[in-house]
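Single-structure report; data block below.
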Amino acid sequence: MAELPDLEVFSRTLSRRFAGKLLEKVEVKVSNKLNVTAARLKSYLETRKLTIVKRSGKTLQFHFEGERVLGLHLMLRGELVSLDKPPKYPVLIFHFKGGEGFAVTDMQKQATPTLDPPPNLVNDALDLDLNTFKKLLDGKKTVIKTLLMDQKKVRGIGNSYGDEILYHAGISPFSIAGKIPEEHIKQLHKSIQHVLKTAIKKIEKENGDELVGELRDFMLIHSSKLKQAPNGKEILSGKIGGRTTYYTQSQELFH
DNA sequence: GAATATGTTTAAAT
DNA sequence: CATTTAAACATATT
């Protein structure tokens with residue numbers, strides 16, 4: 001789950017609901033991906049106040065008072081849920097003073113909490129200027145969608161939004177990155193910002209204060225249920241990097 | 001019951 | 001050696 005827009009909304013919702021609260025207890029149910037022992041995590045974070053939750057790429061960063069940070073990557077199937085009922089497949093359970101809390105769950109046990117994550121210097125998709133983006137594509141022989149999803153080049157874009165962005169930009173996902181003309185790179189850069197920001201707004205509006213999973217109702221292209229794009233073109237599907245890619249003939253192929 | 005879905009790491013193949 | 005591709009992870013849904 002969880003690409004950049006979902007995580008951005010999670011970070012805002014979590015900040016709204018839990019920032020300023022004291023973390024009384026954190027239960028570590030799955031510790032195999034944690035970079036420190038459960039005991040260390042507990043002693044490090046418990047009885048600390050959560051100051052803010054930020055997003056960086058596809059990770060969340062829980063900031064606690066005293067410069068303590070817990071990074072969290074939800075990977076494929078990780079979720080954040082409220083504690084109205086006992087969570088299924090819990091990884092971490094946060095209990096705040098006053099009784100409220102939330103849990104990180106993952107049936108696949110791949111969600112990765114990291115205490116004091118090292119800084120990541122790769123540009124976030126929403127913090128990427130045009131020139132940097134141009135340089136990223138320059139001379140590259142890889143397929144554009146692969147490059148967009150490469151977290152070592154740009155952080156935050158996954159399989160679903162990759163398709164949505166390329167559809168919006170009118171560029172075929174199979175285009176060779178280095179062969180895309182300047183004008184179209186500009187458009188693609190705009191589309192990245194537009195698609196992600198629009199998605200954030202929609203998800204935020206839809207979710208309100210609830211911690212709910214990804215919202216994909218507004219996907220224009222990336223869905224196995226859709227047959228037709230908004231522009232009336234038939235939606236085609238193929239594989240890029242082992243993942244299903246949805247696109248239309250109206251998207252220009254550069255190679 | 002087989003195929004599919006999701007991101008990342010690691011191993012294997014080109 | 002660089003780059004690309006596939007497998008693995010565990011389970012729910014189609």
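Each chain in the structure tokens gets a letter, A, B, ..., in the order shown, and its residues are numbered from 1; ligands are numbered from 1 in order too.
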Check your understanding: Within 12 Å of chain C, which residues of chain A show up when using only C-alpha atoms (C1' of nucleotides), listed as a ChimeraX atom specification?
Key -> /A:33,75-78,88-89,106-111,140-143,146,224-225,240-243
Let's have the selection written as an mmCIF file, in the first residue's frame, with N, CA and C atoms.
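Output file selection_6.cif is given in full below:
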```cif
data_model
loop_
_atom_site.group_PDB
_atom_site.id
_atom_site.type_symbol
_atom_site.label_atom_id
_atom_site.label_comp_id
_atom_site.auth_asym_id
_atom_site.auth_seq_id
_atom_site.Cartn_x
_atom_site.Cartn_y
_atom_site.Cartn_z
ATOM 1 N N LYS A 33 12.238 -6.679 11.932
ATOM 2 C CA LYS A 33 12.718 -5.639 11.015
ATOM 3 C C LYS A 33 13.272 -4.417 11.744
ATOM 4 N N MET A 75 6.016 -0.710 3.759
ATOM 5 C CA MET A 75 6.254 -1.736 2.735
ATOM 6 C C MET A 75 4.962 -2.062 1.975
ATOM 7 N N LEU A 76 4.769 -3.337 1.651
ATOM 8 C CA LEU A 76 3.653 -3.677 0.778
ATOM 9 C C LEU A 76 2.284 -3.613 1.436
ATOM 10 N N ARG A 77 2.173 -4.218 2.590
ATOM 11 C CA ARG A 77 0.860 -4.413 3.172
ATOM 12 C C ARG A 77 0.699 -3.786 4.546
ATOM 13 N N GLY A 78 1.635 -2.954 4.937
ATOM 14 C CA GLY A 78 1.539 -2.338 6.253
ATOM 15 C C GLY A 78 0.374 -1.364 6.332
ATOM 16 N N LYS A 88 -5.530 -6.601 14.052
ATOM 17 C CA LYS A 88 -5.134 -7.867 13.454
ATOM 18 C C LYS A 88 -3.733 -7.702 12.872
ATOM 19 N N TYR A 89 -2.890 -8.659 13.075
ATOM 20 C CA TYR A 89 -1.499 -8.618 12.601
ATOM 21 C C TYR A 89 -0.719 -7.410 13.116
ATOM 22 N N ASP A 106 0.690 -5.399 9.921
ATOM 23 C CA ASP A 106 1.194 -5.916 8.647
ATOM 24 C C ASP A 106 1.133 -7.432 8.663
ATOM 25 N N MET A 107 0.224 -7.964 7.871
ATOM 26 C CA MET A 107 0.093 -9.427 7.852
ATOM 27 C C MET A 107 1.349 -10.076 7.280
ATOM 28 N N GLN A 108 2.095 -9.290 6.558
ATOM 29 C CA GLN A 108 3.295 -9.850 5.929
ATOM 30 C C GLN A 108 4.548 -9.637 6.776
ATOM 31 N N LYS A 109 4.394 -8.897 7.844
ATOM 32 C CA LYS A 109 5.499 -8.624 8.764
ATOM 33 C C LYS A 109 6.689 -7.965 8.078
ATOM 34 N N GLN A 110 6.388 -7.148 7.092
ATOM 35 C CA GLN A 110 7.469 -6.493 6.367
ATOM 36 C C GLN A 110 7.621 -5.025 6.750
ATOM 37 N N ALA A 111 6.629 -4.489 7.448
ATOM 38 C CA ALA A 111 6.715 -3.091 7.860
ATOM 39 C C ALA A 111 7.996 -2.898 8.667
ATOM 40 N N LYS A 140 19.664 8.570 -19.789
ATOM 41 C CA LYS A 140 19.290 7.292 -19.178
ATOM 42 C C LYS A 140 18.597 6.374 -20.182
ATOM 43 N N LYS A 141 18.993 5.139 -20.151
ATOM 44 C CA LYS A 141 18.421 4.176 -21.088
ATOM 45 C C LYS A 141 17.255 3.393 -20.484
ATOM 46 N N THR A 142 16.999 3.631 -19.219
ATOM 47 C CA THR A 142 15.910 2.883 -18.585
ATOM 48 C C THR A 142 14.547 3.415 -19.027
ATOM 49 N N VAL A 143 13.577 2.560 -18.853
ATOM 50 C CA VAL A 143 12.201 2.911 -19.164
ATOM 51 C C VAL A 143 11.717 3.933 -18.128
ATOM 52 N N THR A 146 10.126 2.858 -14.766
ATOM 53 C CA THR A 146 11.086 2.264 -13.838
ATOM 54 C C THR A 146 11.853 3.354 -13.107
ATOM 55 N N SER A 224 -7.647 -2.623 -12.248
ATOM 56 C CA SER A 224 -7.984 -3.739 -13.128
ATOM 57 C C SER A 224 -9.454 -3.693 -13.525
ATOM 58 N N LYS A 225 -10.222 -2.842 -12.821
ATOM 59 C CA LYS A 225 -11.654 -2.781 -13.113
ATOM 60 C C LYS A 225 -11.975 -1.821 -14.249
ATOM 61 N N ILE A 240 5.885 -3.886 -16.325
ATOM 62 C CA ILE A 240 7.164 -3.187 -16.234
ATOM 63 C C ILE A 240 7.715 -3.490 -14.851
ATOM 64 N N GLY A 241 8.910 -4.059 -14.834
ATOM 65 C CA GLY A 241 9.515 -4.401 -13.549
ATOM 66 C C GLY A 241 8.679 -5.392 -12.765
ATOM 67 N N GLY A 242 7.995 -6.299 -13.487
ATOM 68 C CA GLY A 242 7.217 -7.336 -12.826
ATOM 69 C C GLY A 242 5.905 -6.841 -12.254
ATOM 70 N N ARG A 243 5.617 -5.549 -12.434
ATOM 71 C CA ARG A 243 4.364 -4.994 -11.913
ATOM 72 C C ARG A 243 3.451 -4.614 -13.070
#
```
Residues of chain B were defined as contacting chain A if any atom lay at most 10 Å from it, counting only C-alpha atoms (C1' of nucleotides); please report them as a PDB file with N, CA and C atoms (P, O5', C5', C4', C3', O3' and C1' of nucleotides), in the first residue's frame.
```pdb
ATOM      1  P    DT B   4      -2.073 -13.309 -13.400  1.00  0.00           P
ATOM      2  O5'  DT B   4      -2.381 -12.362 -12.156  1.00  0.00           O
ATOM      3  C5'  DT B   4      -3.698 -11.842 -11.991  1.00  0.00           C
ATOM      4  C4'  DT B   4      -3.742 -10.972 -10.757  1.00  0.00           C
ATOM      5  C3'  DT B   4      -2.578  -9.963 -10.642  1.00  0.00           C
ATOM      6  O3'  DT B   4      -3.135  -8.663 -10.575  1.00  0.00           O
ATOM      7  C1'  DT B   4      -2.971 -11.090  -8.583  1.00  0.00           C
ATOM      8  P    DA B   5      -2.235  -7.407 -10.830  1.00  0.00           P
ATOM      9  O5'  DA B   5      -2.134  -6.822  -9.346  1.00  0.00           O
ATOM     10  C5'  DA B   5      -3.326  -6.537  -8.622  1.00  0.00           C
ATOM     11  C4'  DA B   5      -2.968  -6.219  -7.190  1.00  0.00           C
ATOM     12  C3'  DA B   5      -1.735  -5.330  -7.022  1.00  0.00           C
ATOM     13  O3'  DA B   5      -2.033  -4.267  -6.112  1.00  0.00           O
ATOM     14  C1'  DA B   5      -1.555  -7.243  -5.660  1.00  0.00           C
ATOM     15  P    DT B   6      -2.207  -2.842  -6.622  1.00  0.00           P
ATOM     16  O5'  DT B   6      -1.174  -2.089  -5.692  1.00  0.00           O
ATOM     17  C5'  DT B   6       0.214  -2.155  -5.872  1.00  0.00           C
ATOM     18  C4'  DT B   6       0.875  -2.473  -4.540  1.00  0.00           C
ATOM     19  C3'  DT B   6       2.395  -2.330  -4.590  1.00  0.00           C
ATOM     20  O3'  DT B   6       2.727  -1.027  -4.114  1.00  0.00           O
ATOM     21  C1'  DT B   6       1.669  -4.268  -3.295  1.00  0.00           C
ATOM     22  P    DG B   7       3.985  -0.314  -4.682  1.00  0.00           P
ATOM     23  O5'  DG B   7       5.067  -0.738  -3.594  1.00  0.00           O
ATOM     24  C5'  DG B   7       4.981  -0.196  -2.291  1.00  0.00           C
ATOM     25  C4'  DG B   7       6.299  -0.374  -1.575  1.00  0.00           C
ATOM     26  C3'  DG B   7       7.506   0.199  -2.308  1.00  0.00           C
ATOM     27  O3'  DG B   7       8.378   0.727  -1.319  1.00  0.00           O
ATOM     28  C1'  DG B   7       7.738  -2.171  -2.123  1.00  0.00           C
ATOM     29  P    DT B   8       9.755   1.379  -1.696  1.00  0.00           P
ATOM     30  O5'  DT B   8      10.785   0.225  -1.398  1.00  0.00           O
ATOM     31  C5'  DT B   8      10.872  -0.271  -0.066  1.00  0.00           C
ATOM     32  C4'  DT B   8      11.689  -1.524  -0.032  1.00  0.00           C
ATOM     33  C3'  DT B   8      13.112  -1.379  -0.584  1.00  0.00           C
ATOM     34  O3'  DT B   8      13.985  -1.413   0.538  1.00  0.00           O
ATOM     35  C1'  DT B   8      12.081  -3.430  -1.236  1.00  0.00           C
TER      36       DT B   8
END
```
Practice item. Please give the complete set of residues from stretch 9-241 of chain A that DSSP, run on the backbone, assigns to strand (DSSP E or B), formatted as a ChimeraX atom specification. Key: /A:22-28,48-56,59-64,68-73,79-82,90-96,101-105,112-115,124,143,155,171,176,228,234,236-240
Take the residues from that selection and put them in a file with C-alpha atoms, as a short mmCIF file (atom, residue, chain, number, x, y, z; two decimals), in the first residue's frame.
```
data_model
loop_
_atom_site.label_atom_id
_atom_site.label_comp_id
_atom_site.auth_asym_id
_atom_site.auth_seq_id
_atom_site.Cartn_x
_atom_site.Cartn_y
_atom_site.Cartn_z
CA LEU A 22 2.68 11.44 25.97
CA LEU A 23 3.53 7.95 24.78
CA GLU A 24 2.89 5.77 27.79
CA LYS A 25 3.65 2.44 26.26
CA VAL A 26 4.69 0.91 22.99
CA GLU A 27 4.14 -2.77 22.44
CA VAL A 28 6.54 -4.46 20.07
CA ARG A 48 8.24 10.78 25.81
CA LYS A 49 5.97 13.25 24.13
CA LEU A 50 5.25 12.89 20.43
CA THR A 51 5.98 16.27 18.89
CA ILE A 52 5.15 15.79 15.21
CA VAL A 53 4.80 13.17 12.51
CA LYS A 54 6.44 13.92 9.19
CA ARG A 55 6.69 12.13 5.89
CA SER A 56 9.83 11.59 3.90
CA THR A 59 8.41 6.65 5.16
CA LEU A 60 6.88 8.28 8.20
CA GLN A 61 9.02 9.94 10.83
CA PHE A 62 7.67 10.07 14.35
CA HIS A 63 9.46 12.83 16.20
CA PHE A 64 9.62 12.60 19.98
CA ARG A 68 14.33 11.10 19.14
CA VAL A 69 12.93 9.85 15.87
CA LEU A 70 11.25 6.65 14.85
CA GLY A 71 11.15 6.04 11.10
CA LEU A 72 8.53 3.71 9.67
CA HIS A 73 8.17 2.13 6.26
CA GLU A 79 -1.33 -0.33 7.69
CA LEU A 80 -2.04 2.16 10.43
CA VAL A 81 -5.19 1.57 12.44
CA SER A 82 -6.96 3.09 15.40
CA PRO A 90 -0.02 -6.00 14.93
CA VAL A 91 3.61 -4.95 14.59
CA LEU A 92 3.74 -1.99 16.95
CA ILE A 93 1.02 -0.68 19.26
CA PHE A 94 1.27 2.85 20.58
CA HIS A 95 -0.62 3.75 23.75
CA PHE A 96 -0.85 7.42 24.64
CA GLY A 101 -3.54 5.07 20.49
CA PHE A 102 -2.88 3.47 17.17
CA ALA A 103 -1.21 0.40 15.77
CA VAL A 104 1.05 -0.46 12.90
CA THR A 105 -0.16 -3.72 11.40
CA THR A 112 10.04 -1.66 8.93
CA PRO A 113 10.44 0.58 11.98
CA THR A 114 13.85 2.24 12.28
CA LEU A 115 15.09 4.06 15.33
CA ASP A 124 11.38 13.61 -2.49
CA VAL A 143 12.20 2.91 -19.16
CA ARG A 155 11.32 9.06 -3.54
CA ILE A 171 3.79 9.97 -22.02
CA ILE A 176 13.14 5.60 -22.76
CA GLN A 228 -11.73 3.11 -20.44
CA GLU A 234 -9.13 1.87 -24.08
CA LEU A 236 -4.15 -1.39 -22.00
CA SER A 237 -2.03 -3.32 -19.57
CA GLY A 238 1.49 -4.68 -19.60
CA LYS A 239 4.35 -5.47 -17.26
CA ILE A 240 7.16 -3.19 -16.23
#
```
Review point. How far is it from atom CA of A:Leu148 to atom CA of A:Leu14, in Å with one decimal?
Key: 27.6 Å
Exercise for review: In Å, rounded to a single decimal, give me how far atom CA of A:Leu196 is from atom CA of A:Ile165.
Suggested key: 8.2 Å
Review point. How many Å lie between atom CA of A:Asp150 and atom CA of A:Thr248, rounded to one decimal?
Key: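 Separation of atom CA of A:Asp150 and atom CA of A:Thr248: 22.3 Å.
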